[in-house]
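Below: final_4.csv (CSV, C-alpha atoms)
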chain,number,residue,atom,x,y,z
N,218,MET,CA,-5.5,26.1,92.7
N,219,LYS,CA,-1.9,27.4,92.2
N,220,ILE,CA,-0.4,23.9,92.5
N,221,LEU,CA,-3.1,22.6,90.1
N,222,THR,CA,-2.1,25.2,87.5
N,223,THR,CA,1.6,24.4,87.9
N,224,SER,CA,1.1,20.7,87.6
N,225,VAL,CA,-1.0,21.2,84.5
N,226,VAL,CA,1.8,23.3,82.9
N,227,ALA,CA,4.6,21.0,84.1
N,228,GLY,CA,3.2,17.5,83.5
N,229,ILE,CA,1.6,16.6,80.2
N,230,GLY,CA,0.9,13.1,81.7
N,231,LEU,CA,-1.6,14.5,84.1
N,232,MET,CA,-4.0,14.9,81.3
N,233,ALA,CA,-7.0,13.6,83.2
N,234,LEU,CA,-7.1,17.0,85.0
N,235,ALA,CA,-7.4,18.8,81.7
N,236,CYS,CA,-10.2,16.6,80.5
N,237,GLY,CA,-13.4,18.3,79.5
N,238,SER,CA,-11.7,21.4,78.1
N,239,ALA,CA,-10.7,20.0,74.7
N,240,PRO,CA,-13.2,20.3,71.7
N,241,GLN,CA,-14.6,17.3,70.0
N,242,PRO,CA,-12.2,16.0,67.3
N,243,THR,CA,-14.7,16.1,64.5
N,244,GLU,CA,-12.2,16.9,61.9
N,245,ARG,CA,-9.9,14.1,63.0
N,246,LEU,CA,-12.8,11.7,63.0
N,247,ALA,CA,-13.7,12.7,59.4
N,248,THR,CA,-10.1,12.2,58.3
N,249,ALA,CA,-9.9,8.8,60.0
N,250,GLN,CA,-13.2,7.6,58.5
N,251,ALA,CA,-12.1,8.8,55.0
N,252,ALA,CA,-8.8,6.9,55.4
N,253,VAL,CA,-10.7,3.7,56.3
N,254,ARG,CA,-12.9,4.1,53.2
N,255,ALA,CA,-9.8,4.7,51.1
N,256,ALA,CA,-8.4,1.4,52.4
N,257,LYS,CA,-11.6,-0.4,51.4
N,258,GLU,CA,-11.6,1.1,47.9
N,259,VAL,CA,-8.0,0.2,47.2
N,260,GLY,CA,-8.7,-3.4,47.9
N,261,ALA,CA,-7.1,-3.8,51.3
N,262,LYS,CA,-9.4,-6.7,52.1
N,263,GLU,CA,-7.6,-8.8,49.5
N,264,VAL,CA,-4.2,-8.4,50.9
N,265,PRO,CA,-3.8,-10.1,54.4
N,266,GLN,CA,-1.4,-7.5,55.9
N,267,ALA,CA,-3.4,-4.7,54.6
N,268,GLN,CA,-6.6,-6.2,55.8
N,269,LEU,CA,-5.1,-6.5,59.3
N,270,HIS,CA,-4.4,-2.7,59.4
N,271,ALA,CA,-7.7,-1.8,57.9
N,272,GLN,CA,-9.4,-3.7,60.6
N,273,LEU,CA,-7.3,-2.1,63.3
N,274,ALA,CA,-8.2,1.3,61.9
N,275,GLU,CA,-11.9,0.5,62.0
N,276,GLU,CA,-11.7,-0.8,65.5
N,277,GLN,CA,-9.9,2.3,66.7
N,278,VAL,CA,-12.4,4.6,65.0
N,279,THR,CA,-15.2,2.9,66.9
N,280,GLN,CA,-13.2,3.1,70.1
N,281,ALA,CA,-12.6,6.8,69.5
N,282,GLN,CA,-16.3,7.4,68.9
N,283,LYS,CA,-17.1,5.9,72.2
N,284,MET,CA,-14.4,8.1,73.9
N,285,ILE,CA,-16.0,11.2,72.3
N,286,GLU,CA,-19.4,10.1,73.7
N,287,ASP,CA,-17.8,9.7,77.1
N,288,GLY,CA,-16.3,13.2,76.8
N,289,ASP,CA,-12.6,12.0,76.7
N,290,ASN,CA,-11.8,14.1,73.6
N,291,ASP,CA,-8.0,14.3,74.2
N,292,ARG,CA,-7.6,10.5,74.2
N,293,ALA,CA,-10.1,10.2,71.3
N,294,GLU,CA,-7.9,12.5,69.3
N,295,LEU,CA,-4.8,10.3,69.8
N,296,VAL,CA,-6.8,7.1,69.0
N,297,LEU,CA,-8.1,8.7,65.8
N,298,ARG,CA,-4.6,9.5,64.8
N,299,ARG,CA,-3.7,5.9,65.4
N,300,ALA,CA,-6.6,4.8,63.3
N,301,THR,CA,-5.6,7.1,60.4
N,302,ALA,CA,-2.0,5.8,60.6
N,303,ASP,CA,-3.2,2.2,60.4
N,304,ALA,CA,-5.6,3.0,57.5
N,305,GLU,CA,-2.8,4.8,55.6
N,306,LEU,CA,-0.5,1.8,56.1
N,307,ALA,CA,-3.3,-0.5,54.8
N,308,VAL,CA,-3.6,1.6,51.7
N,309,ALA,CA,0.2,1.5,51.2
N,310,LEU,CA,0.3,-2.3,51.6
N,311,ALA,CA,-2.5,-2.8,49.1
N,312,ARG,CA,-0.8,-0.6,46.6
N,313,GLU,CA,2.5,-2.4,47.2
N,314,ASN,CA,0.8,-5.7,46.4
N,315,GLU,CA,-0.7,-4.3,43.3
N,316,SER,CA,2.5,-2.8,42.0
N,317,GLN,CA,4.3,-6.1,42.7
N,318,LYS,CA,1.7,-8.0,40.7
N,319,GLN,CA,2.0,-5.6,37.8
N,320,ALA,CA,5.8,-5.6,37.8
N,321,GLU,CA,5.9,-9.4,37.8
N,322,ALA,CA,3.4,-9.6,35.0
N,323,ALA,CA,5.3,-7.1,32.9
N,324,GLU,CA,8.5,-9.1,33.5
N,325,ALA,CA,6.9,-12.4,32.7
N,326,ALA,CA,5.6,-10.9,29.4
N,327,LEU,CA,9.2,-10.3,28.5
N,328,GLY,CA,10.0,-13.9,28.4
N,329,PRO,CA,12.6,-16.2,30.1
N,330,GLN,CA,15.4,-13.7,30.2
N,331,ALA,CA,13.5,-11.6,32.7
N,332,ALA,CA,13.4,-14.4,35.2
N,333,SER,CA,17.2,-14.1,35.8
N,334,GLN,CA,16.7,-10.7,37.4
N,335,PRO,CA,18.0,-10.7,41.0
N,336,SER,CA,15.2,-10.1,43.4
N,337,ASN,CA,16.0,-8.1,46.5
N,338,MET,CA,12.5,-7.3,47.5
N,339,GLN,CA,11.9,-8.0,51.2
N,340,ALA,CA,8.5,-8.8,52.6
N,341,THR,CA,7.1,-6.0,54.8
N,342,ASN,CA,7.5,-7.0,58.4
N,343,GLN,CA,5.6,-5.8,61.4
W,158,MET,CA,9.8,32.1,111.1
W,159,THR,CA,6.6,30.3,111.4
W,160,PHE,CA,4.9,28.4,108.6
W,161,SER,CA,1.2,28.0,108.5
W,162,SER,CA,0.0,24.4,107.9
W,163,LEU,CA,-1.2,25.5,104.5
W,164,ASN,CA,2.3,26.7,103.5
W,165,ILE,CA,3.9,23.4,104.6
W,166,THR,CA,1.3,21.4,102.6
W,167,ARG,CA,1.9,23.5,99.5
W,168,ILE,CA,5.7,23.0,99.7
W,169,GLY,CA,5.2,19.3,100.5
W,170,GLN,CA,3.0,18.9,97.4
W,171,GLY,CA,5.5,20.9,95.3
W,172,LEU,CA,8.4,18.7,96.4
W,173,LEU,CA,6.3,15.6,95.7
W,174,LEU,CA,5.5,16.9,92.3
W,175,ALA,CA,9.1,17.8,91.6
W,176,THR,CA,10.2,14.3,92.6
W,177,THR,CA,7.6,12.7,90.4
W,178,LEU,CA,8.6,14.9,87.5
W,179,THR,CA,12.3,14.2,88.1
W,180,ALA,CA,11.6,10.5,88.1
W,181,ALA,CA,9.6,10.9,85.0
W,182,GLY,CA,12.4,12.7,83.2
W,183,CYS,CA,15.0,10.0,84.2
W,184,ALA,CA,16.2,7.8,81.4
W,185,THR,CA,16.2,4.7,83.5
W,186,SER,CA,12.4,4.2,82.8
W,187,GLN,CA,11.5,1.2,80.7
W,188,PRO,CA,10.2,2.3,77.4
W,189,PRO,CA,6.8,0.9,76.4
W,190,LYS,CA,6.7,-1.9,73.8
W,191,GLU,CA,5.2,0.5,71.2
W,192,LEU,CA,8.2,2.8,71.5
W,193,VAL,CA,10.7,-0.1,71.2
W,194,ASP,CA,8.9,-1.3,68.1
W,195,ALA,CA,8.8,2.2,66.7
W,196,ARG,CA,12.5,2.7,67.2
W,197,GLU,CA,13.3,-0.6,65.5
W,198,ALA,CA,11.0,0.0,62.6
W,199,TYR,CA,12.5,3.4,62.0
W,200,GLN,CA,16.0,1.8,62.1
W,201,ARG,CA,14.9,-0.7,59.5
W,202,SER,CA,13.4,1.9,57.3
W,203,GLU,CA,16.4,4.1,57.6
W,204,HIS,CA,18.7,1.2,56.3
W,205,GLY,CA,16.2,0.1,53.7
W,206,LYS,CA,15.0,1.5,50.4
W,207,ALA,CA,13.2,4.5,51.8
W,208,ARG,CA,16.4,6.4,51.9
W,209,GLU,CA,16.8,6.0,48.2
W,210,TYR,CA,13.2,6.1,46.9
W,211,ASN,CA,11.2,8.0,49.5
W,212,PRO,CA,13.3,10.3,51.7
W,213,ALA,CA,10.4,12.6,52.4
W,214,ALA,CA,8.3,9.8,54.0
W,215,LEU,CA,11.4,8.7,56.0
W,216,HIS,CA,11.7,12.2,57.3
W,217,GLU,CA,8.1,12.3,58.3
W,218,ALA,CA,8.6,9.0,60.2
W,219,LYS,CA,11.5,10.5,62.0
W,220,VAL,CA,9.4,13.5,63.0
W,221,GLU,CA,6.8,11.2,64.5
W,222,LEU,CA,9.4,9.2,66.3
W,223,ASP,CA,10.9,12.4,67.8
W,224,LYS,CA,7.4,13.3,69.0
W,225,ALA,CA,7.1,9.9,70.7
W,226,GLU,CA,10.5,10.2,72.3
W,227,ALA,CA,9.5,13.7,73.7
W,228,ALA,CA,6.2,12.2,75.0
W,229,PHE,CA,8.2,9.4,76.6
W,230,ASN,CA,10.6,11.9,78.3
W,231,ASN,CA,7.6,13.9,79.6
W,232,ASP,CA,5.6,11.0,80.9
W,233,PRO,CA,7.0,7.5,80.2
W,234,ASP,CA,3.9,5.5,81.2
W,235,SER,CA,1.2,7.6,79.7
W,236,ASP,CA,-1.3,6.6,77.0
W,237,ALA,CA,-0.1,9.6,75.0
W,238,THR,CA,3.5,8.1,74.8
W,239,ARG,CA,2.2,4.7,73.7
W,240,ASP,CA,-0.1,6.4,71.2
W,241,GLU,CA,2.6,8.6,69.7
W,242,ALA,CA,4.9,5.6,69.5
W,243,TYR,CA,2.2,3.5,67.8
W,244,ILE,CA,1.8,6.2,65.2
W,245,ALA,CA,5.5,6.5,64.7
W,246,LEU,CA,5.7,2.8,64.2
W,247,ARG,CA,3.1,2.8,61.5
W,248,ARG,CA,4.7,5.8,59.8
W,249,ALA,CA,8.1,4.0,59.7
W,250,GLU,CA,6.5,0.9,58.2
W,251,ARG,CA,4.6,2.9,55.7
W,252,ALA,CA,7.8,4.6,54.5
W,253,GLU,CA,9.3,1.3,53.8
W,254,VAL,CA,6.2,-0.1,52.1
W,255,GLU,CA,5.9,3.0,49.8
W,256,ALA,CA,9.6,2.7,48.9
W,257,ASN,CA,9.0,-1.0,47.9
W,258,THR,CA,6.1,0.1,45.8
W,259,MET,CA,8.3,2.7,44.0
W,260,GLN,CA,10.9,0.0,43.3
W,261,TRP,CA,8.2,-2.3,41.8
W,262,GLN,CA,7.0,0.6,39.7
W,263,GLN,CA,10.5,1.1,38.4
W,264,ARG,CA,10.8,-2.6,37.5
W,265,GLN,CA,7.5,-2.5,35.7
W,266,GLU,CA,8.6,0.6,33.8
W,267,LYS,CA,11.8,-1.1,32.8
W,268,ALA,CA,10.1,-4.3,31.8
W,269,ARG,CA,7.6,-2.3,29.6
W,270,ASN,CA,10.5,-0.5,28.0
W,271,ASP,CA,12.4,-3.7,27.3
W,272,ALA,CA,9.2,-5.2,25.8
W,273,ASN,CA,8.8,-2.2,23.6
W,274,GLN,CA,12.4,-2.4,22.4
W,275,ASN,CA,11.9,-6.1,21.8
W,276,GLN,CA,8.8,-5.4,19.8
W,277,ALA,CA,10.6,-2.8,17.8
W,278,LYS,CA,13.4,-5.2,17.1
W,279,GLY,CA,11.0,-7.9,16.2
W,280,LEU,CA,9.2,-5.5,13.8
W,281,GLN,CA,12.4,-4.5,12.2
W,282,LYS,CA,13.3,-8.1,11.7
W,283,ALA,CA,9.9,-9.0,10.3
W,284,GLN,CA,10.2,-6.0,7.9
W,285,SER,CA,13.6,-7.0,6.7
W,286,GLU,CA,12.4,-10.6,6.2
W,287,LEU,CA,9.5,-9.3,4.3
W,288,SER,CA,11.8,-7.2,2.1
W,289,GLN,CA,14.0,-10.2,1.5
W,290,ALA,CA,11.0,-12.4,0.5
W,291,ARG,CA,9.7,-9.7,-1.8
W,292,GLU,CA,13.1,-9.4,-3.3
W,293,GLN,CA,13.3,-13.1,-3.8
W,294,LEU,CA,9.8,-13.2,-5.4
W,295,THR,CA,10.8,-10.4,-7.8
W,296,GLN,CA,13.9,-12.3,-8.8
W,297,GLU,CA,12.0,-15.5,-9.3
W,298,LYS,CA,9.4,-13.8,-11.4
W,299,ALA,CA,12.1,-12.2,-13.5
W,300,ALA,CA,13.8,-15.6,-14.0
W,301,ARG,CA,10.5,-17.2,-15.0
W,302,GLU,CA,9.8,-14.4,-17.4
W,303,ALA,CA,13.3,-14.7,-18.9
W,304,ALA,CA,12.8,-18.4,-19.3
W,305,GLU,CA,9.4,-17.8,-21.0
W,306,VAL,CA,11.0,-15.4,-23.4
W,307,LYS,CA,13.8,-17.8,-24.1
W,308,SER,CA,11.5,-20.8,-24.8
W,309,LYS,CA,9.3,-18.7,-27.0
W,310,GLU,CA,12.4,-17.6,-29.0
W,311,MET,CA,13.4,-21.3,-29.3
W,312,LEU,CA,10.0,-22.4,-30.4
W,313,ALA,CA,9.8,-19.6,-32.8
W,314,ARG,CA,13.1,-20.6,-34.3
W,315,LEU,CA,11.9,-24.2,-34.4
W,316,ALA,CA,8.9,-23.1,-36.4
W,317,ALA,CA,11.0,-20.7,-38.6
W,318,ALA,CA,13.5,-23.5,-39.4
W,319,ASN,CA,10.5,-25.7,-40.4
W,320,ALA,CA,11.8,-28.3,-38.1
W,321,ALA,CA,8.5,-28.7,-36.4
W,322,ALA,CA,5.0,-27.2,-36.2
W,323,VAL,CA,4.5,-25.4,-32.9
W,324,LYS,CA,1.0,-24.6,-31.6
W,325,VAL,CA,-0.2,-23.3,-28.3
W,326,GLU,CA,-3.3,-25.2,-27.1
W,327,PRO,CA,-5.1,-25.4,-23.8
W,328,ARG,CA,-3.3,-28.6,-23.0
W,329,GLY,CA,0.1,-26.9,-23.5
W,330,THR,CA,2.5,-26.0,-26.2
W,331,VAL,CA,2.4,-28.8,-28.8
W,332,ILE,CA,5.3,-29.5,-31.1
W,333,THR,CA,4.3,-31.8,-34.0
W,334,LEU,CA,6.9,-33.8,-35.9
W,335,SER,CA,6.0,-35.6,-39.0
W,336,GLY,CA,6.3,-39.4,-38.7
W,337,GLY,CA,7.9,-39.6,-42.2
W,338,VAL,CA,10.8,-37.3,-41.1
W,339,LEU,CA,11.5,-39.3,-37.9
W,340,PHE,CA,10.9,-42.9,-38.9
W,341,ALA,CA,11.1,-45.4,-41.8
W,342,SER,CA,7.8,-46.9,-42.7
W,343,ASN,CA,6.4,-49.2,-39.9
W,344,LYS,CA,9.6,-48.8,-37.9
W,345,SER,CA,10.1,-47.2,-34.5
W,346,GLN,CA,13.8,-46.6,-34.8
W,347,LEU,CA,14.8,-43.0,-35.3
W,348,LEU,CA,16.2,-42.1,-38.7
W,349,PRO,CA,19.7,-40.5,-38.6
W,350,GLY,CA,18.3,-37.3,-40.2
W,351,ALA,CA,15.8,-37.0,-37.4
W,352,GLN,CA,18.4,-36.0,-34.9
W,353,THR,CA,18.8,-32.5,-36.2
W,354,SER,CA,15.2,-31.6,-35.6
W,355,LEU,CA,14.9,-33.4,-32.4
W,356,SER,CA,18.0,-31.8,-30.9
W,357,GLN,CA,16.6,-28.4,-31.6
W,358,VAL,CA,13.3,-29.6,-29.9
W,359,ALA,CA,15.3,-30.9,-27.0
W,360,GLU,CA,17.0,-27.5,-26.5
W,361,ALA,CA,13.6,-25.7,-26.6
W,362,ILE,CA,12.2,-28.2,-24.1
W,363,LYS,CA,15.2,-27.8,-21.7
W,364,THR,CA,14.4,-24.1,-21.3
W,365,GLN,CA,11.1,-25.1,-19.7
W,366,ASP,CA,12.7,-27.3,-17.1
W,367,ASP,CA,9.9,-27.0,-14.6
W,368,LYS,CA,7.3,-28.4,-17.0
W,369,LYS,CA,6.2,-31.9,-17.7
W,370,VAL,CA,6.6,-33.3,-21.3
W,371,LEU,CA,4.2,-35.8,-22.9
W,372,VAL,CA,5.3,-37.6,-26.0
W,373,GLU,CA,2.4,-39.0,-28.0
W,374,GLY,CA,2.7,-41.3,-31.0
W,375,HIS,CA,-0.1,-41.3,-33.6
W,376,THR,CA,-0.7,-43.4,-36.7
W,377,ASP,CA,-3.1,-43.3,-39.6
W,378,SER,CA,-6.1,-45.7,-39.7
W,379,ARG,CA,-4.4,-48.3,-42.1
W,380,GLY,CA,-3.8,-51.7,-40.4
W,381,SER,CA,-5.1,-53.1,-37.1
W,382,ASP,CA,-5.6,-50.9,-34.2
W,383,VAL,CA,-3.5,-53.2,-32.0
W,384,THR,CA,-0.5,-53.0,-34.3
W,385,ASN,CA,-0.9,-49.2,-34.7
W,386,GLN,CA,-1.2,-48.7,-31.0
W,387,ALA,CA,2.0,-50.7,-30.3
W,388,LEU,CA,3.8,-48.9,-33.1
W,389,SER,CA,2.8,-45.5,-31.9
W,390,LYS,CA,3.9,-46.3,-28.4
W,391,ALA,CA,7.2,-47.6,-29.6
W,392,ARG,CA,7.8,-44.4,-31.6
W,393,ALA,CA,6.9,-42.2,-28.7
W,394,ASP,CA,9.4,-44.1,-26.6
W,395,SER,CA,12.2,-43.6,-29.2
W,396,VAL,CA,11.6,-39.9,-29.3
W,397,ALA,CA,11.5,-39.7,-25.5
W,398,SER,CA,14.7,-41.6,-25.2
W,399,TYR,CA,16.4,-39.3,-27.6
W,400,LEU,CA,15.2,-36.2,-25.8
W,401,VAL,CA,16.5,-37.6,-22.5
W,402,SER,CA,19.8,-38.3,-24.1
W,403,GLN,CA,20.0,-34.6,-25.1
W,404,GLY,CA,19.5,-33.6,-21.5
W,405,VAL,CA,15.8,-33.4,-20.9
W,406,PRO,CA,15.2,-34.7,-17.3
W,407,PRO,CA,13.8,-38.2,-17.6
W,408,ASP,CA,11.4,-37.8,-14.6
W,409,ARG,CA,9.7,-35.0,-16.6
W,410,VAL,CA,9.0,-37.1,-19.7
W,411,THR,CA,6.1,-39.5,-20.2
W,412,THR,CA,5.0,-41.4,-23.4
W,413,ALA,CA,1.8,-42.6,-24.8
W,414,GLY,CA,0.7,-44.5,-27.9
W,415,LEU,CA,-2.6,-43.3,-29.3
W,416,GLY,CA,-2.6,-45.3,-32.5
W,417,PRO,CA,-5.2,-44.0,-34.9
W,418,SER,CA,-7.5,-42.7,-32.3
W,419,ARG,CA,-6.9,-39.0,-32.8
W,420,PRO,CA,-6.6,-38.1,-36.4
W,421,VAL,CA,-5.9,-34.5,-37.4
W,422,ALA,CA,-6.6,-35.1,-41.1
W,423,ASP,CA,-8.8,-37.2,-43.3
W,424,ASN,CA,-7.6,-40.8,-43.5
W,425,ASN,CA,-9.1,-41.2,-46.9
W,426,SER,CA,-6.4,-39.3,-48.7
W,427,ALA,CA,-2.7,-40.1,-48.9
W,428,GLU,CA,-1.9,-36.6,-47.7
W,429,GLY,CA,-4.3,-36.8,-44.8
W,430,ARG,CA,-2.9,-40.2,-43.8
W,431,ALA,CA,0.7,-38.8,-43.9
W,432,ASN,CA,-0.4,-35.9,-41.7
W,433,ASN,CA,-1.9,-38.3,-39.2
W,434,ARG,CA,1.3,-40.3,-39.0
W,435,ARG,CA,3.0,-38.0,-36.4
W,436,VAL,CA,4.6,-37.6,-33.0
W,437,GLU,CA,3.2,-34.8,-30.8
W,438,ILE,CA,5.4,-33.5,-28.0
W,439,VAL,CA,3.3,-31.6,-25.5
W,440,ILE,CA,5.0,-29.2,-23.1
W,441,GLN,CA,2.2,-29.3,-20.4
W,442,GLN,CA,0.8,-26.3,-18.7
W,443,GLY,CA,0.9,-25.3,-15.0
W,444,GLU,CA,2.4,-28.4,-13.2
W,445,PRO,CA,3.0,-27.7,-9.5
W,446,LYS,CA,6.6,-28.2,-8.5
Would you mind writing the file out in structure tokens?
Amino acid sequence: MKILTTSVVAGIGLMALACGSAPQPTERLATAQAAVRAAKEVGAKEVPQAQLHAQLAEEQVTQAQKMIEDGDNDRAELVLRRATADAELAVALARENESQKQAEAAEAALGPQAASQPSNMQATNQ
Amino acid sequence: MTFSSLNITRIGQGLLLATTLTAAGCATSQPPKELVDAREAYQRSEHGKAREYNPAALHEAKVELDKAEAAFNNDPDSDATRDEAYIALRRAERAEVEANTMQWQQRQEKARNDANQNQAKGLQKAQSELSQAREQLTQEKAAREAAEVKSKEMLARLAAANAAAVKVEPRGTVITLSGGVLFASNKSQLLPGAQTSLSQVAEAIKTQDDKKVLVEGHTDSRGSDVTNQALSKARADSVASYLVSQGVPPDRVTTAGLGPSRPVADNNSAEGRANNRRVEIVIQQGEPK
């Protein structure tokens, strides 16, 4: 078993051999689910880009839950982190959209002189 | 030295492992798409607004990217490398999006401040216009009151000089001039001596230049109504013409001949008849301008 121990220490990529010793990522799961809820609450569904990432987040949570059932906790943990990252991006996109609408409304309320403001806002790209 | 088969197997496996690990650490491995995307996204964010608005988030994105690069160096083809790169990609995108949001919030803040300033300016302007209007009203009121005082003085002087009788009635201020002072019997041409009284009346009327003036001719009941009506009208016209010649605006003056229809005294006595033969000049009340 000496070589086995060495390879575990030397090669992170050989994770399959470490499988089964990691605990269930319950906290990460809770975090990911909360992030998905937050994305819904902030109206991600109404903003196309945000909706995309909210959906990716949900799918990855489901995927991670299956991995936990199958005992693949290490991979589940990474997938949950992906899901959280997507959900947080969805929230950010929804907030960006809202702040843009509010800024444009405030500028419109000023009158025609506000329309001459140079706009250097770029659309978020993937 | 002899090696057991087990020793050779161990060494062989160790060499194989070392080779694999060396190959894994070599930079000639193709990075997975997720890592390429993550690197590009971080570059974009670094050169975008995140640096100005949200450096903390940009730093977090860099930390994630470094983790992904480390995973790639350890095992380039692993799920972990792709996962870490995916997370780094999302973090970099989020940093840029959050920076955009901050910029929009700044613009909203500025627009609100500008609107408040405009409102304040508008309010100031409205207040100053209100002050001006009030000022103007006060001045106009003072002018009107001064004119009132002046006309009252003039009319009082008229009355005091016995040039005419002045009476305030509901229909207006009525200046009554005796027919005998103004005209020869049955004539409508003004007597020369009439001009003194009439010019004083004209002056009094001119102080009330926003009011309409009605000149009414009246006769006693002797003679035909038709003749009397015509005579009273002709006399009213003569008086009106003279007032206009003294500067009373003609568009303010109207005339009427009432004949004997409105006596003020008893037509059965000579005195009464004399009193009925008169011209009334009415300075009419409250005409809109």
Report as JSON lines the residues of chain N within 6 Å of chain W, each with its shortest atom pair and distance in Å (one decimal), using all atoms listed in the file, ordered by chain and increasing residue number.
{"residue": "N:Gly230", "atom": "CA", "partner": "W:Asp232", "partner_atom": "CA", "distance": 5.2}
{"residue": "N:Arg299", "atom": "CA", "partner": "W:Ile244", "partner_atom": "CA", "distance": 5.5}
{"residue": "N:Ala302", "atom": "CA", "partner": "W:Ile244", "partner_atom": "CA", "distance": 6.0}
{"residue": "N:Leu306", "atom": "CA", "partner": "W:Arg251", "partner_atom": "CA", "distance": 5.2}
{"residue": "N:Glu313", "atom": "CA", "partner": "W:Thr258", "partner_atom": "CA", "distance": 4.6}
{"residue": "N:Ser316", "atom": "CA", "partner": "W:Trp261", "partner_atom": "CA", "distance": 5.7}
{"residue": "N:Gln317", "atom": "CA", "partner": "W:Trp261", "partner_atom": "CA", "distance": 5.5}
{"residue": "N:Ala320", "atom": "CA", "partner": "W:Gln265", "partner_atom": "CA", "distance": 4.1}
{"residue": "N:Ala323", "atom": "CA", "partner": "W:Ala268", "partner_atom": "CA", "distance": 5.7}
{"residue": "N:Glu324", "atom": "CA", "partner": "W:Ala268", "partner_atom": "CA", "distance": 5.3}
{"residue": "N:Leu327", "atom": "CA", "partner": "W:Ala272", "partner_atom": "CA", "distance": 5.8}
Excluding W:Ala387 and its own-chain neighbours fewer than 4 positions away, which residues fall within 9 Å of it when counting all atoms listed in the file? Please give them as an MDAnalysis selection string. chainID W and resid 382:383 391:392 414:416
Please identify all polymer residues within 9 Å of W:Asp423, counting all atoms listed in the file, omitting same-chain residues fewer than 4 positions from it, and present them as a list of chain:residue names.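 Residues near the query, excluding close chain neighbours: W:Ala427, W:Glu428, W:Gly429, W:Arg430, W:Asn432, W:Asn433.
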Report the distance between atom CA of W:Ser395 and atom CA of W:Ala313 in Å, rounded to one decimal place.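 So the two atoms, atom CA of W:Ser395 and atom CA of W:Ala313, lie 24.4 Å apart.
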Determine the nearest neighbour of N:Ala255 from the options N:Glu321, N:Asp303, N:Glu286, N:Glu276, counting all atoms listed in the file. N:Asp303
Work out how far apart atom CA of N:Gly260 and atom CA of N:Ala304 are and give it in Å to one decimal. 11.9 Å
Near-W:Leu339 list (7 Å; only C-alpha atoms; drop same-chain fewer than 3 positions) as a PDB file with C-alpha atoms, in the coordinates of the input:
ATOM      1  CA  SER W 335       6.000 -35.600 -39.000  1.00  0.00           C
ATOM      2  CA  GLY W 336       6.300 -39.400 -38.700  1.00  0.00           C
ATOM      3  CA  LEU W 347      14.800 -43.000 -35.300  1.00  0.00           C
ATOM      4  CA  LEU W 348      16.200 -42.100 -38.700  1.00  0.00           C
ATOM      5  CA  ALA W 351      15.800 -37.000 -37.400  1.00  0.00           C
TER       6      ALA W 351
END
With distances taken over all atoms listed in the file, which of W:His204, W:Arg291, W:Arg409, W:Arg196 is nearest to W:Ala218?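 Of all the options, W:Arg196 lies closest to W:Ala218.
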